[in-house]
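> So here's coords10.csv, just CSV, C-alpha atoms and all ligand atoms:
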chain,number,residue,atom,x,y,z
A,64,MET,CA,-18.2,7.8,-5.4
A,65,LEU,CA,-14.5,7.4,-6.0
A,66,THR,CA,-14.3,3.7,-6.7
A,67,GLY,CA,-11.0,1.8,-7.3
A,68,GLU,CA,-11.7,-1.4,-9.3
A,69,GLU,CA,-11.6,0.3,-12.8
A,70,ILE,CA,-8.3,2.0,-11.8
A,71,ALA,CA,-6.9,-1.4,-10.9
A,72,GLU,CA,-8.1,-2.8,-14.2
A,73,GLU,CA,-6.4,0.1,-16.1
A,74,LYS,CA,-3.2,-0.5,-14.3
A,75,ALA,CA,-3.4,-4.2,-15.0
A,76,LYS,CA,-3.6,-3.5,-18.7
A,77,VAL,CA,-0.5,-1.3,-18.6
A,78,LEU,CA,1.3,-4.1,-16.6
A,79,ARG,CA,0.5,-6.7,-19.3
A,80,GLU,CA,2.0,-4.4,-21.9
A,81,ARG,CA,5.2,-3.8,-19.8
A,82,ILE,CA,5.5,-7.6,-19.2
A,83,GLN,CA,5.3,-8.3,-23.0
A,84,GLU,CA,8.1,-5.8,-23.5
A,85,LEU,CA,10.2,-7.3,-20.7
A,86,ASP,CA,10.2,-10.7,-22.5
A,87,LEU,CA,10.4,-12.6,-19.2
A,88,GLN,CA,7.7,-13.7,-16.7
A,89,PRO,CA,8.3,-11.7,-13.5
A,90,SER,CA,8.0,-13.6,-10.3
A,91,LEU,CA,6.9,-12.7,-6.8
A,92,LYS,CA,7.5,-14.7,-3.6
A,93,LEU,CA,5.1,-14.1,-0.7
A,94,ILE,CA,6.1,-15.3,2.8
A,95,GLN,CA,3.3,-15.7,5.3
A,96,ILE,CA,3.7,-16.9,8.9
A,97,GLY,CA,0.6,-18.1,10.7
A,98,ASN,CA,-3.0,-18.1,9.5
A,99,ASP,CA,-4.2,-14.5,9.9
A,100,GLU,CA,-7.4,-14.3,7.8
A,101,ALA,CA,-6.8,-10.7,6.4
A,102,ALA,CA,-3.2,-11.7,5.4
A,103,SER,CA,-4.6,-14.8,3.6
A,104,ILE,CA,-7.2,-12.7,1.7
A,105,TYR,CA,-4.4,-10.2,0.7
A,106,ALA,CA,-2.1,-13.0,-0.5
A,107,ARG,CA,-4.9,-14.6,-2.5
A,108,ALA,CA,-5.7,-11.3,-4.1
A,109,LYS,CA,-2.1,-11.0,-5.3
A,110,ILE,CA,-2.1,-14.6,-6.6
A,111,ARG,CA,-5.4,-14.0,-8.5
A,112,ARG,CA,-4.4,-10.6,-9.9
A,113,GLY,CA,-0.9,-11.9,-10.7
A,114,LYS,CA,-2.3,-14.7,-12.8
A,115,ASN,CA,-4.5,-12.1,-14.6
A,116,VAL,CA,-1.5,-10.0,-15.7
A,117,GLY,CA,1.1,-12.7,-16.2
A,118,ILE,CA,3.2,-12.6,-13.0
A,119,LYS,CA,4.1,-15.8,-11.2
A,120,VAL,CA,3.1,-15.4,-7.6
A,121,ASP,CA,4.2,-18.1,-5.1
A,122,LEU,CA,3.0,-18.2,-1.5
A,123,GLU,CA,5.4,-19.8,1.0
A,124,LYS,CA,3.6,-20.4,4.3
A,125,TYR,CA,5.0,-21.3,7.7
A,126,GLU,CA,3.0,-22.3,10.7
A,127,ASP,CA,6.0,-21.1,12.7
A,128,ILE,CA,9.6,-20.1,11.9
A,129,SER,CA,12.5,-18.6,14.0
A,130,VAL,CA,13.8,-15.1,13.2
A,131,GLU,CA,17.2,-16.6,12.3
A,132,ASP,CA,15.6,-19.1,9.8
A,133,LEU,CA,13.4,-16.4,8.3
A,134,VAL,CA,16.4,-14.1,7.7
A,135,LYS,CA,18.3,-17.1,6.2
A,136,ARG,CA,15.4,-17.8,3.8
A,137,ILE,CA,15.3,-14.0,2.9
A,138,LYS,CA,19.0,-14.1,2.0
A,139,GLU,CA,18.5,-17.2,-0.2
A,140,ILE,CA,15.7,-15.5,-2.1
A,141,ALA,CA,17.8,-12.3,-2.4
A,142,ASP,CA,20.4,-14.4,-4.3
A,143,ASP,CA,17.9,-16.3,-6.5
A,144,PRO,CA,17.8,-14.6,-9.9
A,145,ASP,CA,14.5,-16.3,-10.7
A,146,ILE,CA,12.6,-14.3,-8.0
A,147,ASN,CA,12.2,-10.6,-8.8
A,148,GLY,CA,10.2,-9.5,-5.8
A,149,LEU,CA,9.8,-10.6,-2.1
A,150,MET,CA,7.1,-9.6,0.4
A,151,ILE,CA,6.7,-10.6,4.0
A,152,GLU,CA,3.1,-10.6,4.9
A,153,ASN,CA,1.9,-8.8,8.0
A,154,PRO,CA,1.2,-9.6,10.9
A,155,LEU,CA,4.4,-11.3,12.0
A,156,PRO,CA,4.4,-13.5,15.2
A,157,LYS,CA,5.0,-11.7,18.5
A,158,GLY,CA,8.6,-10.9,19.2
A,159,PHE,CA,9.5,-10.3,15.5
A,160,ASP,CA,10.7,-6.8,14.7
A,161,TYR,CA,9.3,-6.2,11.2
A,162,TYR,CA,11.8,-3.5,10.2
A,163,GLU,CA,14.8,-5.6,11.4
A,164,ILE,CA,13.5,-8.4,9.1
A,165,VAL,CA,12.7,-6.4,6.0
A,166,LYS,CA,16.0,-4.6,6.0
A,167,ASN,CA,17.5,-7.9,4.8
A,168,ILE,CA,15.5,-7.7,1.5
A,169,PRO,CA,17.6,-6.1,-1.2
A,170,TYR,CA,16.0,-2.7,-2.1
A,171,TYR,CA,15.4,-3.9,-5.7
A,172,LYS,CA,13.3,-6.9,-4.6
A,173,ASP,CA,11.5,-5.0,-1.8
A,174,VAL,CA,8.1,-4.8,-3.4
A,175,ASP,CA,6.3,-3.8,-0.2
A,176,ALA,CA,8.7,-0.9,-0.2
A,177,LEU,CA,8.9,-0.7,3.6
A,178,SER,CA,12.6,-1.2,4.0
A,179,PRO,CA,14.7,1.7,5.1
A,180,TYR,CA,16.3,2.3,1.7
A,181,ASN,CA,13.1,2.6,-0.3
A,182,GLN,CA,11.5,4.7,2.4
A,183,GLY,CA,14.6,6.9,2.3
A,184,LEU,CA,14.4,7.3,-1.5
A,185,ILE,CA,10.8,8.5,-1.0
A,186,ALA,CA,11.9,11.1,1.6
A,187,LEU,CA,14.6,12.3,-0.9
A,188,ASN,CA,12.0,12.6,-3.7
A,189,ARG,CA,13.8,9.8,-5.7
A,190,GLU,CA,11.0,7.2,-5.6
A,191,PHE,CA,11.8,3.7,-6.9
A,192,LEU,CA,9.5,1.0,-5.3
A,193,VAL,CA,6.7,2.7,-3.3
A,194,PRO,CA,4.3,1.2,-0.7
A,195,ALA,CA,1.1,-0.1,-2.2
A,196,THR,CA,-1.5,1.8,-0.1
A,197,PRO,CA,-0.1,5.3,-0.3
A,198,ARG,CA,0.4,4.7,-4.1
A,199,ALA,CA,-3.3,3.6,-4.3
A,200,VAL,CA,-4.4,6.9,-2.6
A,201,ILE,CA,-2.4,8.8,-5.2
A,202,ASP,CA,-3.8,6.7,-8.0
A,203,ILE,CA,-7.3,7.7,-6.9
A,204,LEU,CA,-6.4,11.4,-6.6
A,205,ASP,CA,-4.7,11.3,-10.1
A,206,HIS,CA,-7.6,9.4,-11.7
A,207,TYR,CA,-10.3,11.7,-10.4
A,208,GLY,CA,-8.2,14.9,-11.1
A,209,TYR,CA,-7.4,16.2,-7.7
A,210,HIS,CA,-3.9,17.4,-8.3
A,211,GLU,CA,-1.7,19.7,-6.1
A,212,ASN,CA,-4.4,20.3,-3.5
A,213,THR,CA,-4.3,20.7,0.3
A,214,VAL,CA,-4.5,17.4,2.2
A,215,THR,CA,-4.9,16.3,5.8
A,216,VAL,CA,-3.6,12.8,6.4
A,217,ILE,CA,-4.9,11.3,9.7
A,218,ASN,CA,-2.2,8.6,10.3
A,219,ARG,CA,1.5,8.7,10.8
A,220,SER,CA,2.4,5.0,10.5
A,221,PRO,CA,5.3,3.8,8.3
A,222,VAL,CA,2.8,1.8,6.2
A,223,VAL,CA,0.4,4.7,5.4
A,224,GLY,CA,0.9,8.2,6.7
A,225,ARG,CA,4.6,8.7,6.7
A,226,PRO,CA,5.3,7.6,3.1
A,227,LEU,CA,2.0,9.0,1.9
A,228,SER,CA,2.7,12.5,3.3
A,229,MET,CA,6.1,12.5,1.5
A,230,MET,CA,4.7,11.1,-1.7
A,231,LEU,CA,2.1,13.8,-1.7
A,232,LEU,CA,4.8,16.5,-1.1
A,233,ASN,CA,6.8,15.0,-4.0
A,234,ARG,CA,3.7,15.8,-6.1
A,235,ASN,CA,3.2,19.4,-4.9
A,236,TYR,CA,0.3,18.8,-2.5
A,237,THR,CA,0.3,20.8,0.7
A,238,VAL,CA,0.2,18.3,3.5
A,239,SER,CA,-0.8,18.3,7.2
A,240,VAL,CA,-0.3,15.1,9.2
A,241,CYS,CA,-2.5,14.3,12.2
A,242,HIS,CA,-2.2,11.5,14.8
A,243,SER,CA,-3.6,10.5,18.2
A,244,LYS,CA,-1.9,13.5,20.0
A,245,THR,CA,-3.1,16.2,17.5
A,246,PRO,CA,-5.3,18.7,19.5
A,247,ASP,CA,-8.0,19.7,17.0
A,248,ILE,CA,-8.2,17.2,14.1
A,249,ALA,CA,-11.6,18.4,13.0
A,250,SER,CA,-10.5,22.0,12.2
A,251,MET,CA,-7.4,20.7,10.3
A,252,ALA,CA,-9.5,18.3,8.3
A,253,ARG,CA,-12.1,20.9,7.5
A,254,SER,CA,-9.4,23.4,6.3
A,255,SER,CA,-8.1,20.9,3.6
A,256,LYS,CA,-9.7,20.0,0.3
A,257,ILE,CA,-8.7,16.3,0.8
A,258,VAL,CA,-8.9,14.2,3.9
A,259,VAL,CA,-7.2,10.8,4.1
A,260,VAL,CA,-8.3,8.8,7.1
A,261,ALA,CA,-6.5,5.7,8.3
A,262,VAL,CA,-7.0,5.3,12.0
A,263,GLY,CA,-8.6,1.9,12.2
A,264,ARG,CA,-11.7,3.0,14.0
A,265,PRO,CA,-15.2,2.6,12.4
A,266,GLY,CA,-17.2,5.8,12.3
A,267,PHE,CA,-14.2,8.0,13.3
A,268,LEU,CA,-14.6,10.7,10.5
A,269,LYS,CA,-17.9,12.5,11.2
A,270,ARG,CA,-19.8,15.4,9.6
A,271,ASP,CA,-18.1,18.0,11.9
A,272,MET,CA,-14.7,17.1,10.4
A,273,VAL,CA,-15.6,17.7,6.8
A,274,THR,CA,-17.3,20.4,4.6
A,275,PRO,CA,-19.5,20.0,1.5
A,276,GLY,CA,-16.4,20.6,-0.6
A,277,SER,CA,-14.4,17.8,1.1
A,278,VAL,CA,-12.9,14.8,-0.8
A,279,VAL,CA,-12.6,11.9,1.6
A,280,ILE,CA,-10.2,9.0,1.0
A,281,ASP,CA,-11.0,6.2,3.5
A,282,VAL,CA,-8.1,3.8,4.0
A,283,GLY,CA,-9.5,2.1,7.1
A,284,ILE,CA,-10.3,-1.6,7.1
A,285,ASN,CA,-12.4,-2.7,10.1
A,286,TYR,CA,-14.4,-5.9,10.6
A,287,VAL,CA,-17.8,-5.1,12.2
A,288,SER,CA,-20.2,-8.1,12.6
A,289,ASP,CA,-18.4,-9.9,9.8
A,290,LYS,CA,-18.7,-6.9,7.5
A,291,VAL,CA,-15.8,-4.8,6.2
A,292,VAL,CA,-16.2,-1.0,6.9
A,293,GLY,CA,-13.9,1.9,6.8
A,294,ASP,CA,-13.1,4.8,9.2
A,295,THR,CA,-15.9,7.2,8.2
A,296,ASP,CA,-19.4,7.6,9.4
A,297,PHE,CA,-20.4,6.7,5.8
A,298,ASN,CA,-24.2,7.1,6.1
A,299,ASP,CA,-23.8,10.5,7.6
A,300,ILE,CA,-21.2,12.0,5.3
A,301,SER,CA,-21.4,10.3,1.9
A,302,ASN,CA,-24.2,12.5,0.6
A,303,TYR,CA,-22.8,15.6,2.4
A,304,VAL,CA,-19.2,15.7,1.0
A,305,GLU,CA,-18.1,16.4,-2.6
A,306,ALA,CA,-16.6,12.9,-3.1
A,307,ILE,CA,-15.7,9.8,-1.0
A,308,THR,CA,-14.2,6.4,-1.5
A,309,PRO,CA,-16.3,3.4,-0.4
A,310,VAL,CA,-15.1,0.6,1.8
A,311,PRO,CA,-14.9,-2.0,0.3
A,312,GLY,CA,-14.3,-0.9,-3.3
A,313,GLY,CA,-12.2,2.2,-3.0
A,314,VAL,CA,-8.5,2.0,-2.0
A,315,GLY,CA,-8.5,-1.7,-1.4
A,316,PRO,CA,-8.8,-3.1,-4.9
A,317,ILE,CA,-5.8,-1.1,-6.1
A,318,THR,CA,-3.3,-2.2,-3.5
A,319,ALA,CA,-2.7,-5.7,-4.7
A,320,THR,CA,-2.2,-4.4,-8.2
A,321,ASN,CA,0.3,-1.9,-6.9
A,322,ILE,CA,2.4,-4.7,-5.4
A,323,LEU,CA,2.4,-6.3,-8.9
A,324,GLU,CA,3.4,-2.9,-10.4
A,325,ASN,CA,6.4,-3.0,-8.1
A,326,VAL,CA,7.3,-6.5,-9.2
A,327,VAL,CA,7.3,-5.4,-12.8
A,328,ARG,CA,9.4,-2.4,-11.9
A,329,ALA,CA,11.8,-4.6,-10.0
A,330,ALA,CA,12.1,-7.1,-12.9
A,331,GLU,CA,12.7,-4.2,-15.4
A,332,PHE,CA,15.5,-2.9,-13.1
A,333,GLN,CA,17.0,-6.3,-12.6
A,334,LYS,CA,17.0,-7.1,-16.3
A,335,LYS,CA,18.6,-3.7,-17.1
A,336,ASN,CA,21.2,-3.7,-14.3
A,337,MET,CA,21.8,-7.3,-13.4
A,338,GLY,CA,21.2,-9.2,-16.6
A,339,VAL,CA,18.4,-11.4,-15.1
B,1,LIG,P1,-1.5,1.9,12.9
B,1,LIG,O1,-0.1,1.7,12.7
B,1,LIG,O2,-2.2,1.5,14.1
B,1,LIG,O3,-1.7,3.5,12.7
B,1,LIG,C1,-2.9,4.2,13.1
B,1,LIG,C2,-2.7,5.7,13.0
B,1,LIG,O4,-3.9,6.3,13.4
B,1,LIG,C3,-1.6,6.2,14.0
B,1,LIG,O5,-0.9,7.2,13.4
B,1,LIG,C4,-2.4,6.7,15.2
B,1,LIG,O6,-1.8,7.7,15.9
B,1,LIG,C5,-3.7,7.2,14.5
B,1,LIG,N1,-4.8,7.2,15.4
B,1,LIG,C6,-5.3,6.2,16.1
B,1,LIG,N2,-6.3,6.7,16.9
B,1,LIG,C7,-6.5,8.0,16.6
B,1,LIG,C8,-7.3,9.0,17.1
B,1,LIG,N3,-8.3,8.8,18.0
B,1,LIG,N4,-7.2,10.2,16.6
B,1,LIG,C9,-6.2,10.5,15.7
B,1,LIG,N5,-5.4,9.6,15.2
B,1,LIG,C10,-5.5,8.3,15.7
B,1,LIG,O7,-2.4,1.3,11.7
B,1,LIG,P2,-2.0,1.3,10.1
B,1,LIG,O8,-1.3,0.0,9.8
B,1,LIG,O9,-1.4,2.5,9.6
B,1,LIG,O10,-3.5,1.1,9.5
B,1,LIG,C11,-4.5,2.1,9.7
B,1,LIG,C12,-5.8,1.6,9.1
B,1,LIG,O11,-5.6,1.5,7.7
B,1,LIG,C13,-6.3,0.2,9.6
B,1,LIG,O12,-7.7,0.2,9.6
B,1,LIG,C14,-5.7,-0.7,8.6
B,1,LIG,O13,-6.5,-1.9,8.5
B,1,LIG,C15,-5.9,0.1,7.3
B,1,LIG,N6,-5.0,-0.2,6.2
B,1,LIG,C16,-5.6,-0.3,5.0
B,1,LIG,C17,-4.8,-0.7,3.9
B,1,LIG,C18,-5.5,-0.8,2.6
B,1,LIG,O14,-4.8,-1.2,1.7
B,1,LIG,N7,-6.7,-0.3,2.4
B,1,LIG,C19,-3.5,-0.9,4.1
B,1,LIG,C20,-2.9,-0.7,5.4
B,1,LIG,C21,-3.7,-0.4,6.4
B,1,LIG,P3,-0.4,7.5,16.7
B,1,LIG,O15,0.7,7.4,15.7
B,1,LIG,O16,-0.4,8.7,17.6
B,1,LIG,O17,-0.6,6.2,17.5
Show the structure stored in the file as structure tokens.
Ligand code: NAP

Amino acid sequence: MLTGEEIAEEKAKVLRERIQELDLQPSLKLIQIGNDEAASIYARAKIRRGKNVGIKVDLEKYEDISVEDLVKRIKEIADDPDINGLMIENPLPKGFDYYEIVKNIPYYKDVDALSPYNQGLIALNREFLVPATPRAVIDILDHYGYHENTVTVINRSPVVGRPLSMMLLNRNYTVSVCHSKTPDIASMARSSKIVVVAVGRPGFLKRDMVTPGSVVIDVGINYVSDKVVGDTDFNDISNYVEAITPVPGGVGPITATNILENVVRAAEFQKKNMGV
């Protein structure tokens, strides 16, 4: 079982050391619009884990806000030297174009790393701040020693599959990317050592899509009768494959810490280059 909590703890320890060297308390601003339960859970995890490593995490919540006012607020935060990182929680209200909004965050405060500049740096193999979920997948592969292998990623979204496939390429993995129009996902998944699944459908990855040598990284988060489950048919394949991440307890615990890792990186950059 490839579990994530101890990886998050190891990373937190390193962050505490880096913060001591920084000699300033890094700070993160979260903006949440509305009351989505999953977004609230993710925000609380960052506040709790932030406190644990010594990062000030402040949640600014709006019941409602216009696009113009949100962009105005982002620009104020961009100019505030006391805030090192800014993250706009998903989902945004209907009619908001996420990428039109996050492009207003300066790249050196974009700790969700979904703005065009940081995604471009990943594509050019010049990673600076990287998205938390792809980073968590790589943390698991690093920790358990699966380097430079063949990987099939089942997802092509800007949050998971696109940055992940490039971050894997940057680390000499050989990558195939599948999506809803891919003709024979099962044979592609079987032909790779590692399968990363993030389609958002419980039970999607079944035994015919893996081999006894497969390593399965399950990124999916689905709510089924008030329980969180991933995208694999876990009971069917967990004893069949070589290794698998549980949901919850696999990728999830590392993601909040990876946002904090970006906050520290951002603060280090700002201290060195902008004298904050
Ligand atoms: P998304 O934007 O909806 O992307 C889903 C991807 O799955 C798309 O590329 C889609 O293909 C593909 N897909 C959907 N149905 C498929 C099918 N039947 N066969 C093959 N591919 C299929 O969602 P997302 O934001 O990337 O999130 C995906 C999942 O990961 C969700 O469960 C989400 O909750 C979870 N997630 C977890 C974390 C974490 O930290 N653990 C973070 C982010 C997301 P098309 O592109 O062709 O539509």
> Grab the atom O9 of ligand LIG 1 (chain B) to CA of Leu187 in chain A distance for me, in Å with one decimal place.
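For atom O9 of ligand LIG 1 (chain B) relative to CA of Leu187 in chain A, the distance reads 21.5 Å.
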> List all protein, DNA and RNA residues that have an atom no more than 6 Å from any atom of ligand LIG 1 (chain B), counting only C-alpha atoms and all ligand atoms, and report them as an MDAnalysis selection string.
chainID A and resid 196 217:220 222:223 242:244 261:263 282:285 314:315 318
> Would you kindly return, as a PDB file with C-alpha atoms, in the coordinates of the input, each protein, DNA or RNA residue with an atom no farther than 12 Å from any atom of Glu331 in chain A, considering only C-alpha atoms and excluding same-chain residues fewer than 4 positions away?

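part.pdb was written with the following content:
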ATOM      1  CA  LEU A  78       1.300  -4.100 -16.600  1.00  0.00           C
ATOM      2  CA  ARG A  81       5.200  -3.800 -19.800  1.00  0.00           C
ATOM      3  CA  ILE A  82       5.500  -7.600 -19.200  1.00  0.00           C
ATOM      4  CA  GLN A  83       5.300  -8.300 -23.000  1.00  0.00           C
ATOM      5  CA  GLU A  84       8.100  -5.800 -23.500  1.00  0.00           C
ATOM      6  CA  LEU A  85      10.200  -7.300 -20.700  1.00  0.00           C
ATOM      7  CA  ASP A  86      10.200 -10.700 -22.500  1.00  0.00           C
ATOM      8  CA  LEU A  87      10.400 -12.600 -19.200  1.00  0.00           C
ATOM      9  CA  GLN A  88       7.700 -13.700 -16.700  1.00  0.00           C
ATOM     10  CA  PRO A  89       8.300 -11.700 -13.500  1.00  0.00           C
ATOM     11  CA  SER A  90       8.000 -13.600 -10.300  1.00  0.00           C
ATOM     12  CA  ASN A 147      12.200 -10.600  -8.800  1.00  0.00           C
ATOM     13  CA  GLY A 148      10.200  -9.500  -5.800  1.00  0.00           C
ATOM     14  CA  TYR A 171      15.400  -3.900  -5.700  1.00  0.00           C
ATOM     15  CA  LYS A 172      13.300  -6.900  -4.600  1.00  0.00           C
ATOM     16  CA  PHE A 191      11.800   3.700  -6.900  1.00  0.00           C
ATOM     17  CA  LEU A 192       9.500   1.000  -5.300  1.00  0.00           C
ATOM     18  CA  GLU A 324       3.400  -2.900 -10.400  1.00  0.00           C
ATOM     19  CA  ASN A 325       6.400  -3.000  -8.100  1.00  0.00           C
ATOM     20  CA  VAL A 326       7.300  -6.500  -9.200  1.00  0.00           C
ATOM     21  CA  VAL A 327       7.300  -5.400 -12.800  1.00  0.00           C
ATOM     22  CA  LYS A 335      18.600  -3.700 -17.100  1.00  0.00           C
ATOM     23  CA  ASN A 336      21.200  -3.700 -14.300  1.00  0.00           C
ATOM     24  CA  MET A 337      21.800  -7.300 -13.400  1.00  0.00           C
ATOM     25  CA  GLY A 338      21.200  -9.200 -16.600  1.00  0.00           C
ATOM     26  CA  VAL A 339      18.400 -11.400 -15.100  1.00  0.00           C
TER      27      VAL A 339
END
> Would you work out the distance separating CA of Lys114 in chain A from CA of Ala75 in chain A, expressed in Å to one decimal?
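That distance, rounded to one decimal, is 10.8 Å.
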> Considering only C-alpha atoms, state which residue in the set A:Glu139, A:Asp173, A:Asp289, A:Asp202 is at the smallest distance from Pro316 in chain A.
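Closest candidate: A:Asp202.
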> From the coordinates supplied, range 147-155 of chain A should be written with all heavy atoms, as a PDB file, in the first residue's frame.

ATOM      1  N   ASN A 147       2.947  36.191   0.755  1.00  0.00           N
ATOM      2  CA  ASN A 147       3.868  35.525  -0.172  1.00  0.00           C
ATOM      3  C   ASN A 147       3.174  34.654  -1.204  1.00  0.00           C
ATOM      4  O   ASN A 147       3.710  34.429  -2.290  1.00  0.00           O
ATOM      5  CB  ASN A 147       4.859  34.653   0.608  1.00  0.00           C
ATOM      6  CG  ASN A 147       5.621  35.439   1.639  1.00  0.00           C
ATOM      7  OD1 ASN A 147       5.417  35.275   2.837  1.00  0.00           O
ATOM      8  ND2 ASN A 147       6.481  36.333   1.192  1.00  0.00           N
ATOM      9  N   GLY A 148       1.990  34.134  -0.853  1.00  0.00           N
ATOM     10  CA  GLY A 148       1.310  33.235  -1.787  1.00  0.00           C
ATOM     11  C   GLY A 148      -0.184  33.477  -1.787  1.00  0.00           C
ATOM     12  O   GLY A 148      -0.763  33.841  -0.749  1.00  0.00           O
ATOM     13  N   LEU A 149      -0.797  33.278  -2.952  1.00  0.00           N
ATOM     14  CA  LEU A 149      -2.249  33.476  -3.088  1.00  0.00           C
ATOM     15  C   LEU A 149      -2.832  32.302  -3.859  1.00  0.00           C
ATOM     16  O   LEU A 149      -2.284  31.885  -4.878  1.00  0.00           O
ATOM     17  CB  LEU A 149      -2.529  34.786  -3.842  1.00  0.00           C
ATOM     18  CG  LEU A 149      -3.967  34.993  -4.329  1.00  0.00           C
ATOM     19  CD1 LEU A 149      -4.946  35.026  -3.158  1.00  0.00           C
ATOM     20  CD2 LEU A 149      -4.071  36.292  -5.136  1.00  0.00           C
ATOM     21  N   MET A 150      -3.945  31.792  -3.346  1.00  0.00           N
ATOM     22  CA  MET A 150      -4.616  30.677  -4.031  1.00  0.00           C
ATOM     23  C   MET A 150      -6.118  30.936  -4.066  1.00  0.00           C
ATOM     24  O   MET A 150      -6.715  31.273  -3.039  1.00  0.00           O
ATOM     25  CB  MET A 150      -4.306  29.390  -3.273  1.00  0.00           C
ATOM     26  CG  MET A 150      -5.034  28.204  -3.831  1.00  0.00           C
ATOM     27  SD  MET A 150      -4.405  26.689  -3.099  1.00  0.00           S
ATOM     28  CE  MET A 150      -5.651  25.573  -3.752  1.00  0.00           C
ATOM     29  N   ILE A 151      -6.711  30.801  -5.240  1.00  0.00           N
ATOM     30  CA  ILE A 151      -8.161  30.941  -5.395  1.00  0.00           C
ATOM     31  C   ILE A 151      -8.749  29.531  -5.380  1.00  0.00           C
ATOM     32  O   ILE A 151      -8.411  28.706  -6.244  1.00  0.00           O
ATOM     33  CB  ILE A 151      -8.526  31.626  -6.743  1.00  0.00           C
ATOM     34  CG1 ILE A 151      -7.660  32.875  -6.998  1.00  0.00           C
ATOM     35  CG2 ILE A 151     -10.024  31.931  -6.804  1.00  0.00           C
ATOM     36  CD1 ILE A 151      -7.866  34.009  -6.034  1.00  0.00           C
ATOM     37  N   GLU A 152      -9.576  29.251  -4.387  1.00  0.00           N
ATOM     38  CA  GLU A 152     -10.115  27.895  -4.248  1.00  0.00           C
ATOM     39  C   GLU A 152     -11.152  27.602  -5.345  1.00  0.00           C
ATOM     40  O   GLU A 152     -11.956  28.458  -5.689  1.00  0.00           O
ATOM     41  CB  GLU A 152     -10.801  27.733  -2.879  1.00  0.00           C
ATOM     42  CG  GLU A 152      -9.888  27.930  -1.675  1.00  0.00           C
ATOM     43  CD  GLU A 152      -8.950  26.758  -1.427  1.00  0.00           C
ATOM     44  OE1 GLU A 152      -9.108  25.701  -2.064  1.00  0.00           O
ATOM     45  OE2 GLU A 152      -8.054  26.901  -0.586  1.00  0.00           O
ATOM     46  N   ASN A 153     -11.100  26.393  -5.839  1.00  0.00           N
ATOM     47  CA  ASN A 153     -12.128  25.905  -6.762  1.00  0.00           C
ATOM     48  C   ASN A 153     -13.251  25.272  -5.965  1.00  0.00           C
ATOM     49  O   ASN A 153     -12.982  24.763  -4.878  1.00  0.00           O
ATOM     50  CB  ASN A 153     -11.515  24.848  -7.698  1.00  0.00           C
ATOM     51  CG  ASN A 153     -11.221  25.424  -9.062  1.00  0.00           C
ATOM     52  OD1 ASN A 153     -12.051  26.143  -9.610  1.00  0.00           O
ATOM     53  ND2 ASN A 153     -10.042  25.119  -9.577  1.00  0.00           N
ATOM     54  N   PRO A 154     -14.495  25.221  -6.397  1.00  0.00           N
ATOM     55  CA  PRO A 154     -14.980  25.765  -7.668  1.00  0.00           C
ATOM     56  C   PRO A 154     -15.302  27.252  -7.538  1.00  0.00           C
ATOM     57  O   PRO A 154     -15.603  27.735  -6.446  1.00  0.00           O
ATOM     58  CB  PRO A 154     -16.263  24.960  -7.876  1.00  0.00           C
ATOM     59  CG  PRO A 154     -16.754  24.659  -6.498  1.00  0.00           C
ATOM     60  CD  PRO A 154     -15.536  24.518  -5.639  1.00  0.00           C
ATOM     61  N   LEU A 155     -15.231  27.944  -8.672  1.00  0.00           N
ATOM     62  CA  LEU A 155     -15.670  29.333  -8.730  1.00  0.00           C
ATOM     63  C   LEU A 155     -17.139  29.358  -9.148  1.00  0.00           C
ATOM     64  O   LEU A 155     -17.636  28.393  -9.744  1.00  0.00           O
ATOM     65  CB  LEU A 155     -14.817  30.085  -9.753  1.00  0.00           C
ATOM     66  CG  LEU A 155     -13.377  30.352  -9.306  1.00  0.00           C
ATOM     67  CD1 LEU A 155     -12.587  30.996 -10.438  1.00  0.00           C
ATOM     68  CD2 LEU A 155     -13.349  31.236  -8.075  1.00  0.00           C
TER      69      LEU A 155
END
